[in-house]
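Engineer: You'll find model.cif just under this line, and it carries mmCIF, C-alpha atoms and all ligand atoms.
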data_entry
loop_
_atom_site.label_atom_id
_atom_site.label_comp_id
_atom_site.auth_asym_id
_atom_site.auth_seq_id
_atom_site.Cartn_x
_atom_site.Cartn_y
_atom_site.Cartn_z
CA MET U 1479 -17.72 -7.01 8.02
CA SER U 1480 -21.29 -8.13 7.58
CA THR U 1481 -21.81 -11.70 8.66
CA ALA U 1482 -25.47 -11.83 7.64
CA SER U 1483 -24.98 -13.80 4.46
CA THR U 1484 -21.77 -15.12 2.99
CA LEU U 1485 -20.66 -15.77 -0.54
CA PRO U 1486 -17.74 -17.81 -1.84
CA LEU U 1487 -15.95 -14.79 -3.32
CA SER U 1488 -15.66 -11.00 -3.02
CA VAL U 1489 -13.53 -9.04 -5.47
CA VAL U 1490 -12.37 -5.63 -4.21
CA ILE U 1491 -11.25 -2.89 -6.62
CA PRO U 1492 -10.15 0.64 -5.63
CA VAL U 1493 -10.89 3.22 -8.31
CA PHE U 1494 -9.37 6.67 -8.64
CA ASN U 1495 -9.80 8.49 -11.96
CA GLU U 1496 -9.99 5.33 -14.06
CA GLU U 1497 -12.63 6.35 -16.64
CA SER U 1498 -10.42 5.23 -19.50
CA ASN U 1499 -9.84 1.77 -17.98
CA LEU U 1500 -13.21 0.85 -16.48
CA PRO U 1501 -15.02 -0.18 -19.71
CA LEU U 1502 -12.31 -2.69 -20.62
CA LEU U 1503 -11.99 -3.84 -17.01
CA PHE U 1504 -15.72 -4.62 -16.90
CA LYS U 1505 -15.48 -6.39 -20.24
CA ARG U 1506 -12.63 -8.64 -19.10
CA LEU U 1507 -13.46 -9.13 -15.42
CA TYR U 1508 -17.12 -10.19 -15.41
CA PRO U 1509 -16.69 -13.09 -17.90
CA VAL U 1510 -13.76 -14.45 -15.86
CA LEU U 1511 -15.84 -14.40 -12.68
CA ASP U 1512 -19.00 -15.72 -14.37
CA ALA U 1513 -16.98 -18.66 -15.66
CA LEU U 1514 -15.76 -19.64 -12.18
CA GLY U 1515 -19.02 -21.30 -11.33
CA ARG U 1516 -19.15 -19.82 -7.85
CA ARG U 1517 -21.30 -17.01 -6.51
CA TYR U 1518 -19.45 -13.74 -6.19
CA GLU U 1519 -19.72 -10.02 -5.63
CA ILE U 1520 -17.53 -7.17 -6.85
CA LEU U 1521 -16.99 -4.18 -4.58
CA PHE U 1522 -15.69 -1.05 -6.25
CA THR U 1523 -14.63 1.82 -4.02
CA ASN U 1524 -14.66 5.13 -5.85
CA ASP U 1525 -11.90 6.97 -4.02
CA GLY U 1526 -13.05 10.52 -4.78
CA SER U 1527 -12.47 10.39 -8.55
CA ALA U 1528 -12.76 13.70 -10.37
CA ASP U 1529 -13.50 12.14 -13.77
CA ARG U 1530 -16.44 10.08 -15.02
CA SER U 1531 -15.56 6.97 -12.98
CA ARG U 1532 -18.56 7.56 -10.75
CA GLU U 1533 -21.04 7.55 -13.64
CA LEU U 1534 -19.41 4.49 -15.19
CA LEU U 1535 -19.59 2.59 -11.88
CA ALA U 1536 -23.23 3.57 -11.39
CA ALA U 1537 -24.05 2.37 -14.92
CA GLN U 1538 -22.26 -0.90 -14.25
CA HIS U 1539 -24.21 -1.33 -11.02
CA ALA U 1540 -27.42 -0.80 -13.00
CA ALA U 1541 -26.28 -3.36 -15.59
CA ARG U 1542 -25.24 -6.06 -13.10
CA PRO U 1543 -26.98 -5.25 -9.80
CA ASP U 1544 -26.83 -8.92 -8.79
CA VAL U 1545 -23.06 -8.91 -8.30
CA THR U 1546 -21.95 -5.24 -8.27
CA ARG U 1547 -21.62 -2.99 -5.21
CA VAL U 1548 -20.18 0.52 -5.33
CA ILE U 1549 -18.86 2.39 -2.31
CA GLU U 1550 -18.53 6.14 -2.85
CA PHE U 1551 -16.03 8.13 -0.81
CA ASN U 1552 -16.65 11.85 -0.46
CA ALA U 1553 -12.96 12.57 -1.12
CA ASN U 1554 -9.65 10.87 -1.97
CA TYR U 1555 -8.35 8.81 0.95
CA GLY U 1556 -5.88 6.59 -0.92
CA GLN U 1557 -5.83 3.10 -2.35
CA HIS U 1558 -5.38 1.26 0.94
CA MET U 1559 -8.26 3.02 2.70
CA ALA U 1560 -10.42 2.35 -0.37
CA ILE U 1561 -9.64 -1.36 0.04
CA MET U 1562 -10.28 -1.16 3.79
CA ALA U 1563 -13.79 0.27 3.27
CA ALA U 1564 -14.59 -2.60 0.91
CA PHE U 1565 -13.16 -5.15 3.36
CA GLU U 1566 -15.56 -3.84 6.00
CA ARG U 1567 -18.49 -4.71 3.75
CA ALA U 1568 -17.20 -7.81 1.92
CA ARG U 1569 -19.24 -10.96 2.38
CA GLY U 1570 -16.92 -13.43 0.68
CA ASP U 1571 -15.25 -16.45 2.26
CA VAL U 1572 -12.35 -15.43 0.04
CA VAL U 1573 -11.65 -11.75 -0.63
CA LEU U 1574 -9.53 -10.87 -3.64
CA THR U 1575 -8.03 -7.47 -4.46
CA LEU U 1576 -7.17 -6.15 -7.91
CA ASP U 1577 -6.16 -2.83 -9.50
CA ALA U 1578 -8.59 -1.09 -11.85
CA ASP U 1579 -6.01 -0.19 -14.50
CA LEU U 1580 -5.63 -3.75 -15.83
CA GLN U 1581 -2.02 -4.05 -14.69
CA ASN U 1582 -3.29 -7.15 -12.87
CA PRO U 1583 -4.91 -9.27 -15.60
CA PRO U 1584 -8.33 -10.54 -14.37
CA GLU U 1585 -7.59 -13.79 -16.23
CA GLU U 1586 -5.05 -14.61 -13.48
CA ILE U 1587 -7.74 -14.73 -10.76
CA PRO U 1588 -8.27 -18.53 -10.97
CA LYS U 1589 -4.58 -19.08 -10.11
CA LEU U 1590 -5.04 -17.27 -6.79
CA LEU U 1591 -8.27 -19.09 -6.07
CA ALA U 1592 -6.53 -22.42 -6.63
CA ALA U 1593 -4.16 -21.45 -3.81
CA THR U 1594 -6.95 -20.35 -1.43
CA ASP U 1595 -8.81 -23.59 -2.25
CA ALA U 1596 -5.64 -25.44 -1.28
CA GLY U 1597 -5.89 -23.87 2.19
CA PHE U 1598 -3.58 -20.83 2.02
CA ASP U 1599 -5.12 -17.88 3.88
CA CYS U 1600 -3.03 -15.10 2.30
CA VAL U 1601 -2.06 -15.45 -1.34
CA GLY U 1602 0.16 -12.80 -2.90
CA GLY U 1603 0.62 -12.41 -6.61
CA ALA U 1604 4.29 -12.06 -7.57
CA ARG U 1605 4.57 -10.04 -10.76
CA GLN U 1606 6.57 -11.77 -13.46
CA ASP U 1607 8.27 -9.42 -15.88
CA ARG U 1608 6.97 -6.30 -14.18
CA GLN U 1609 5.75 -3.63 -16.61
CA ASP U 1610 6.59 -0.44 -14.73
CA SER U 1611 9.18 2.29 -15.17
CA ALA U 1612 12.79 1.46 -14.27
CA PHE U 1613 12.60 4.04 -11.50
CA ARG U 1614 9.61 2.28 -9.92
CA ARG U 1615 11.30 -1.11 -10.22
CA TYR U 1616 14.52 0.03 -8.57
CA ALA U 1617 12.67 1.99 -5.88
CA SER U 1618 10.69 -1.18 -5.08
CA LYS U 1619 13.90 -3.20 -4.79
CA LEU U 1620 15.29 -0.70 -2.30
CA VAL U 1621 12.11 -0.63 -0.21
CA ASN U 1622 11.96 -4.43 -0.35
CA LEU U 1623 15.48 -4.56 1.06
CA VAL U 1624 14.69 -2.14 3.89
CA ARG U 1625 11.47 -4.00 4.67
CA SER U 1626 13.11 -7.41 4.75
CA ARG U 1627 15.89 -6.13 7.02
CA THR U 1628 13.67 -4.21 9.45
CA THR U 1629 10.51 -6.32 9.67
CA ASN U 1630 9.90 -10.05 9.68
CA ILE U 1631 7.59 -9.87 6.71
CA GLU U 1632 8.79 -12.21 4.00
CA MET U 1633 7.39 -11.68 0.53
CA SER U 1634 9.04 -11.25 -2.80
CA ASP U 1635 6.58 -8.72 -4.24
CA GLN U 1636 4.80 -6.55 -1.71
CA GLY U 1637 3.58 -4.06 -4.30
CA CYS U 1638 1.48 -6.44 -6.38
CA MET U 1639 -2.15 -5.80 -5.51
CA LEU U 1640 -3.50 -8.97 -7.09
CA ARG U 1641 -3.98 -10.86 -3.83
CA ALA U 1642 -6.47 -13.15 -2.13
CA TYR U 1643 -7.25 -13.48 1.57
CA SER U 1644 -9.41 -15.72 3.70
CA ARG U 1645 -12.40 -14.26 5.48
CA ASP U 1646 -10.55 -14.56 8.83
CA VAL U 1647 -7.57 -12.53 7.62
CA VAL U 1648 -9.87 -9.83 6.24
CA ALA U 1649 -11.86 -9.74 9.50
CA ALA U 1650 -8.61 -9.34 11.42
CA ILE U 1651 -7.52 -6.49 9.14
CA VAL U 1652 -10.84 -4.73 9.70
CA ARG U 1653 -10.63 -5.27 13.48
CA SER U 1654 -7.10 -3.86 13.57
CA GLY U 1655 -8.50 -0.42 12.67
CA ALA U 1656 -5.13 0.37 11.09
CA VAL U 1657 -4.50 3.91 9.87
CA ASN U 1658 -1.88 4.73 7.18
CA THR U 1659 -1.27 1.10 6.51
CA PHE U 1660 -0.09 -1.11 3.70
CA ILE U 1661 -2.65 -3.86 3.32
CA PRO U 1662 -0.49 -6.66 1.81
CA ALA U 1663 2.00 -6.38 4.69
CA LEU U 1664 -0.73 -6.11 7.33
CA ALA U 1665 -2.45 -9.19 5.90
CA TYR U 1666 0.82 -11.10 5.98
CA THR U 1667 1.35 -10.32 9.67
CA LEU U 1668 -2.18 -11.54 10.47
CA SER U 1669 -2.09 -14.70 8.37
CA GLN U 1670 -1.19 -18.21 9.41
CA ASN U 1671 -0.44 -19.83 6.12
CA PRO U 1672 0.76 -17.33 3.48
CA THR U 1673 2.04 -18.14 0.02
CA GLU U 1674 2.84 -16.48 -3.30
CA VAL U 1675 1.91 -17.38 -6.85
CA PRO U 1676 3.49 -15.98 -9.99
CA VAL U 1677 1.12 -13.77 -12.00
CA ARG U 1678 1.42 -11.85 -15.23
CA HIS U 1679 1.75 -8.10 -15.13
CA GLU U 1680 0.63 -5.78 -17.89
CA GLU U 1681 1.28 -2.19 -18.73
CA ARG U 1682 -1.33 0.23 -17.49
CA HIS U 1683 -4.09 0.04 -20.12
CA ALA U 1684 -4.64 3.83 -20.27
CA GLY U 1685 -3.83 6.96 -18.32
CA VAL U 1686 -0.87 7.43 -16.00
CA SER U 1687 -0.16 6.08 -12.54
CA ASN U 1688 -2.11 7.86 -9.80
CA TYR U 1689 0.97 7.78 -7.64
CA SER U 1690 2.99 10.95 -7.82
CA LEU U 1691 6.49 10.77 -6.38
CA TYR U 1692 5.14 12.42 -3.23
CA LYS U 1693 2.33 9.87 -2.78
CA LEU U 1694 4.79 7.05 -3.47
CA VAL U 1695 7.23 8.25 -0.82
CA ARG U 1696 4.37 8.57 1.69
CA LEU U 1697 3.12 5.06 0.89
CA ASN U 1698 6.54 3.54 1.38
CA PHE U 1699 6.97 5.39 4.67
CA ASP U 1700 3.65 3.81 5.68
CA LEU U 1701 4.95 0.39 4.74
CA ILE U 1702 7.99 0.69 7.00
CA THR U 1703 6.67 2.78 9.90
CA ALA U 1704 3.44 0.82 10.29
CA PHE U 1705 5.34 -2.38 10.97
CA THR U 1706 8.55 -1.51 12.79
CA THR U 1707 10.30 1.09 14.90
CA ALA U 1708 13.70 -0.23 13.75
CA PRO U 1709 14.46 3.01 11.80
CA LEU U 1710 14.29 4.96 15.06
CA GLN U 1711 16.63 2.54 16.78
CA LEU U 1712 19.06 2.44 13.87
CA PHE U 1713 19.08 6.21 13.82
CA THR U 1714 19.80 6.40 17.54
CA MET U 1715 22.73 4.02 17.07
CA PHE U 1716 24.06 5.99 14.13
CA ALA U 1717 23.65 9.28 16.01
CA SER U 1718 25.47 7.81 19.02
CA VAL U 1719 28.44 6.83 16.86
CA CYS U 1720 28.46 10.32 15.31
CA SER U 1721 28.45 12.04 18.67
CA ALA U 1722 31.23 9.79 20.01
CA LEU U 1723 33.37 10.56 16.94
CA SER U 1724 32.71 14.29 17.16
CA PHE U 1725 33.64 14.25 20.83
CA VAL U 1726 36.96 12.65 19.91
CA LEU U 1727 37.39 15.30 17.23
CA VAL U 1728 36.82 18.10 19.74
CA LEU U 1729 39.47 16.56 22.01
CA VAL U 1730 41.95 16.28 19.12
CA LEU U 1731 41.35 19.89 17.99
CA ALA U 1732 41.65 21.22 21.57
CA GLY U 1733 44.86 19.21 22.10
CA ARG U 1734 46.38 20.48 18.84
CA ARG U 1735 45.55 24.05 19.72
CA LEU U 1736 47.17 23.75 23.13
CA ILE U 1737 50.29 22.05 21.83
CA LEU U 1738 50.76 23.53 18.32
CA GLY U 1739 48.89 26.82 18.77
CA PRO U 1740 46.05 28.16 16.54
CA GLU U 1741 46.04 26.47 13.12
CA GLU U 1742 45.51 28.09 9.75
CA GLY U 1743 42.69 27.03 7.40
CA GLY U 1744 40.99 24.51 9.68
CA THR U 1745 37.71 26.46 9.67
CA PHE U 1746 36.24 24.81 6.59
CA THR U 1747 36.88 21.31 7.83
CA LEU U 1748 35.17 22.25 11.03
CA LEU U 1749 32.28 23.85 9.14
CA GLY U 1750 31.91 20.70 7.05
CA ILE U 1751 31.72 18.59 10.18
CA VAL U 1752 29.18 20.92 11.78
CA ILE U 1753 26.97 20.89 8.69
CA PHE U 1754 27.16 17.10 8.56
CA LEU U 1755 26.13 16.77 12.19
CA LEU U 1756 23.34 19.28 11.66
CA SER U 1757 21.96 17.30 8.75
CA VAL U 1758 22.12 14.10 10.80
CA THR U 1759 20.06 15.88 13.46
CA MET U 1760 17.53 17.06 10.88
CA VAL U 1761 17.06 13.57 9.50
CA GLY U 1762 16.48 12.36 13.05
CA VAL U 1763 13.92 15.05 13.79
CA GLY U 1764 12.12 14.22 10.54
CA LEU U 1765 12.10 10.52 11.35
CA ILE U 1766 10.71 11.11 14.82
CA GLY U 1767 8.15 13.44 13.22
CA GLU U 1768 6.95 10.60 10.97
CA TYR U 1769 6.19 8.43 13.96
CA VAL U 1770 4.74 11.28 16.05
CA GLY U 1771 2.50 12.34 13.15
CA ARG U 1772 1.16 8.84 12.76
CA THR U 1773 0.66 8.48 16.50
CA TYR U 1774 -1.23 11.77 16.47
CA GLN U 1775 -3.54 10.56 13.73
CA VAL U 1776 -4.43 7.48 15.75
CA VAL U 1777 -4.84 9.40 19.00
CA ARG U 1778 -7.01 12.05 17.33
CA GLY U 1779 -9.34 9.21 16.39
CA ARG U 1780 -10.94 10.95 13.43
CA ALA U 1781 -12.65 8.72 10.84
CA ARG U 1782 -10.15 7.23 8.41
CA TYR U 1783 -12.48 7.85 5.50
CA HIS U 1784 -16.04 8.91 4.87
CA VAL U 1785 -18.43 6.88 2.77
CA SER U 1786 -20.95 9.22 1.19
CA HIS U 1787 -23.17 6.47 -0.17
CA VAL U 1788 -23.25 2.84 -1.26
CA LEU U 1789 -24.92 1.45 -4.36
CA GLU U 1790 -26.07 -2.09 -3.68
CA THR U 1791 -29.04 -4.32 -4.06
CA ARG U 1792 -29.59 -6.17 -0.83
CA GLU U 1793 -30.89 -9.68 -1.21
N1 LIG U 1801 -5.99 4.24 -6.45
C1 LIG U 1801 -6.92 4.70 -5.51
N2 LIG U 1801 -6.65 5.85 -4.82
C2 LIG U 1801 -5.51 6.56 -5.01
C3 LIG U 1801 -4.56 6.08 -5.94
C4 LIG U 1801 -4.83 4.92 -6.63
O1 LIG U 1801 -7.96 4.06 -5.30
O2 LIG U 1801 -5.35 7.60 -4.36
C5 LIG U 1801 -6.27 3.00 -7.21
C6 LIG U 1801 -6.16 3.12 -8.73
O3 LIG U 1801 -7.37 3.51 -9.32
C7 LIG U 1801 -5.77 1.70 -9.13
C8 LIG U 1801 -4.92 1.25 -7.96
O4 LIG U 1801 -5.29 2.07 -6.84
O5 LIG U 1801 -6.91 0.85 -9.22
C9 LIG U 1801 -3.42 1.37 -8.25
O6 LIG U 1801 -3.12 2.70 -8.62
P1 LIG U 1801 -2.07 3.05 -9.78
O7 LIG U 1801 -2.29 2.19 -10.96
O8 LIG U 1801 -2.14 4.51 -9.97
O9 LIG U 1801 -0.71 2.69 -9.05
P2 LIG U 1801 0.56 1.96 -9.63
O10 LIG U 1801 0.09 0.79 -10.44
O11 LIG U 1801 1.27 2.97 -10.45
O12 LIG U 1801 1.29 1.54 -8.40
MG MG U 1802 -1.24 0.71 -11.89
#
What is this structure when it is put down as structure tokens?
Structural biologist:
Amino acid sequence: MSTASTLPLSVVIPVFNEESNLPLLFKRLYPVLDALGRRYEILFTNDGSADRSRELLAAQHAARPDVTRVIEFNANYGQHMAIMAAFERARGDVVLTLDADLQNPPEEIPKLLAATDAGFDCVGGARQDRQDSAFRRYASKLVNLVRSRTTNIEMSDQGCMLRAYSRDVVAAIVRSGAVNTFIPALAYTLSQNPTEVPVRHEERHAGVSNYSLYKLVRLNFDLITAFTTAPLQLFTMFASVCSALSFVLVLVLAGRRLILGPEEGGTFTLLGIVIFLLSVTMVGVGLIGEYVGRTYQVVRGRARYHVSHVLETRE
């Protein structure tokens, strides 16, 4: 994070194929920020969009070079890495994140700033009346439950990306060098004085979510595995209980055979048990693989993302 000059506020927005949302976002966001009466900058990270987002961002930079900075990735590295790259360059005393699809209304920004002004160093928006599919809402509830049971992160809405952080929290996030992370949870663990404020949530203005089911599953794995190894321990406990029970079963079957002789029709029960134990083993191998894969990525030490160029007007 550059410490050369600071500003009161940086707004960070990851952009991936948002050509149909950017014009309205610009139209709504800039007036809200201009009306705040504090100096600000907006950092857009173009996360390898394949549509016209890049041209639209460049045009916006040309229109408002005083407050607009655009970071271009050479490829798609995901929302959280896009935010990370902007955090590395943000100059604000307060750094606020926001989605580009207008699900987080820019008009709610002053509410978060009121909380940072009051001294909170990590302010999470909690979406009221969330406008997402029922599947997404229920999946979030489930992940929330797992997260609250396996980590000591306490927040009611981890998925809302309308959030504000103090400069210190952002600097700590940057220093952490985290790979495959979930920024709201990481920020929470590094903050001293977190809080939440209720914010409105709108339907995506245009286009569809950039999260396929696959990307969503990966993101939620990141959320859990980046913050706890409890799943590994729970699995070991569960596997231990299974092996103890199957050992008892083997004893019972051997005893029966010795006393009553070979039984008829027990093969399928046995097959069922074997298949069950096999699937338990496969889940375990997969789980270990998740952690090993992530460890490998850190050990390999390859760049988390590559910035191809930055559009900015240095003062
Ligand atoms: N996004 C990104 N890279 C990605 C996926 C999404 O930068 O690989 C951005 C996207 O442009 C938007 C924000 O992250 O600004 C949230 O994405 P989206 O609206 O698709 O997610 P959802 O609201 O469905 O969780
Ligand atoms: Mg969205």
Engineer: How close does chain U get to ligand LIG 1801 (chain U)? List, as a tab-separated table, each residue of chain U within 8 Å, its nearest atom pair and the distance in Å to one decimal, counting all atoms listed in the file.
Structural biologist:
residue	atom	partner	partner_atom	distance
U:Ile1491	CA	U:LIG1801	O5	6.3
U:Pro1492	CA	U:LIG1801	O1	4.1
U:Val1493	CA	U:LIG1801	O3	3.7
U:Phe1494	CA	U:LIG1801	O3	3.8
U:Asn1495	CA	U:LIG1801	O3	6.1
U:Glu1496	CA	U:LIG1801	O3	5.7
U:Thr1523	CA	U:LIG1801	O1	7.2
U:Asn1524	CA	U:LIG1801	O1	6.8
U:Asp1525	CA	U:LIG1801	O1	5.1
U:Gly1526	CA	U:LIG1801	N2	7.9
U:Asn1554	CA	U:LIG1801	O2	5.9
U:Tyr1555	CA	U:LIG1801	O2	6.2
U:Gly1556	CA	U:LIG1801	O2	3.6
U:Gln1557	CA	U:LIG1801	C1	3.7
U:His1558	CA	U:LIG1801	O1	7.3
U:Ala1560	CA	U:LIG1801	O1	5.8
U:Ile1561	CA	U:LIG1801	O1	7.8
U:Leu1576	CA	U:LIG1801	O5	7.1
U:Asp1577	CA	U:LIG1801	O5	3.8
U:Ala1578	CA	U:LIG1801	O5	3.7
U:Asp1579	CA	U:LIG1801	O5	5.5
U:Gln1581	CA	U:LIG1801	O10	6.8
U:Asp1610	CA	U:LIG1801	O11	7.6
U:Gly1637	CA	U:LIG1801	O12	7.3
U:Met1639	CA	U:LIG1801	C9	7.8
U:Arg1682	CA	U:LIG1801	O7	6.9
U:Val1686	CA	U:LIG1801	O8	6.8
U:Ser1687	CA	U:LIG1801	O8	3.6
U:Asn1688	CA	U:LIG1801	O8	3.4
U:Tyr1689	CA	U:LIG1801	O8	5.1
Engineer: From the options U:Ala1568, U:Cys1638, U:Ala1593, U:Leu1521, which residue's atoms come nearest to ligand MG 1802 (chain U), counting only C-alpha atoms and all ligand atoms?
Structural biologist: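 Distance minimum relative to ligand MG 1802 (chain U) lands on U:Cys1638.
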Engineer: Please determine, counting only C-alpha atoms, which residue among U:Ala1617, U:Ser1654, U:Ala1513, U:Val1601 has the shortest atom-to-atom distance to Arg1641 in chain U.
Structural biologist: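 Going through U:Ala1617, U:Ser1654, U:Ala1513, U:Val1601 one by one, the smallest distance to Arg1641 in chain U is for U:Val1601.
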Engineer: Compare U:Leu1712, U:Ala1663, U:Val1624, U:Leu1580 by their minimum atom-to-atom distance to ligand MG 1802 (chain U), counting all atoms listed in the file, and give me the closest one.
Structural biologist: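 Smallest separation from ligand MG 1802 (chain U) among the options: U:Leu1580.
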Engineer: What lies within 8 Å of range 1757-1759 of chain U using only C-alpha atoms, ignoring chain neighbours under 4 positions off, as an NGL selection string?
Structural biologist: :U and (1717 or 1753 or 1763)
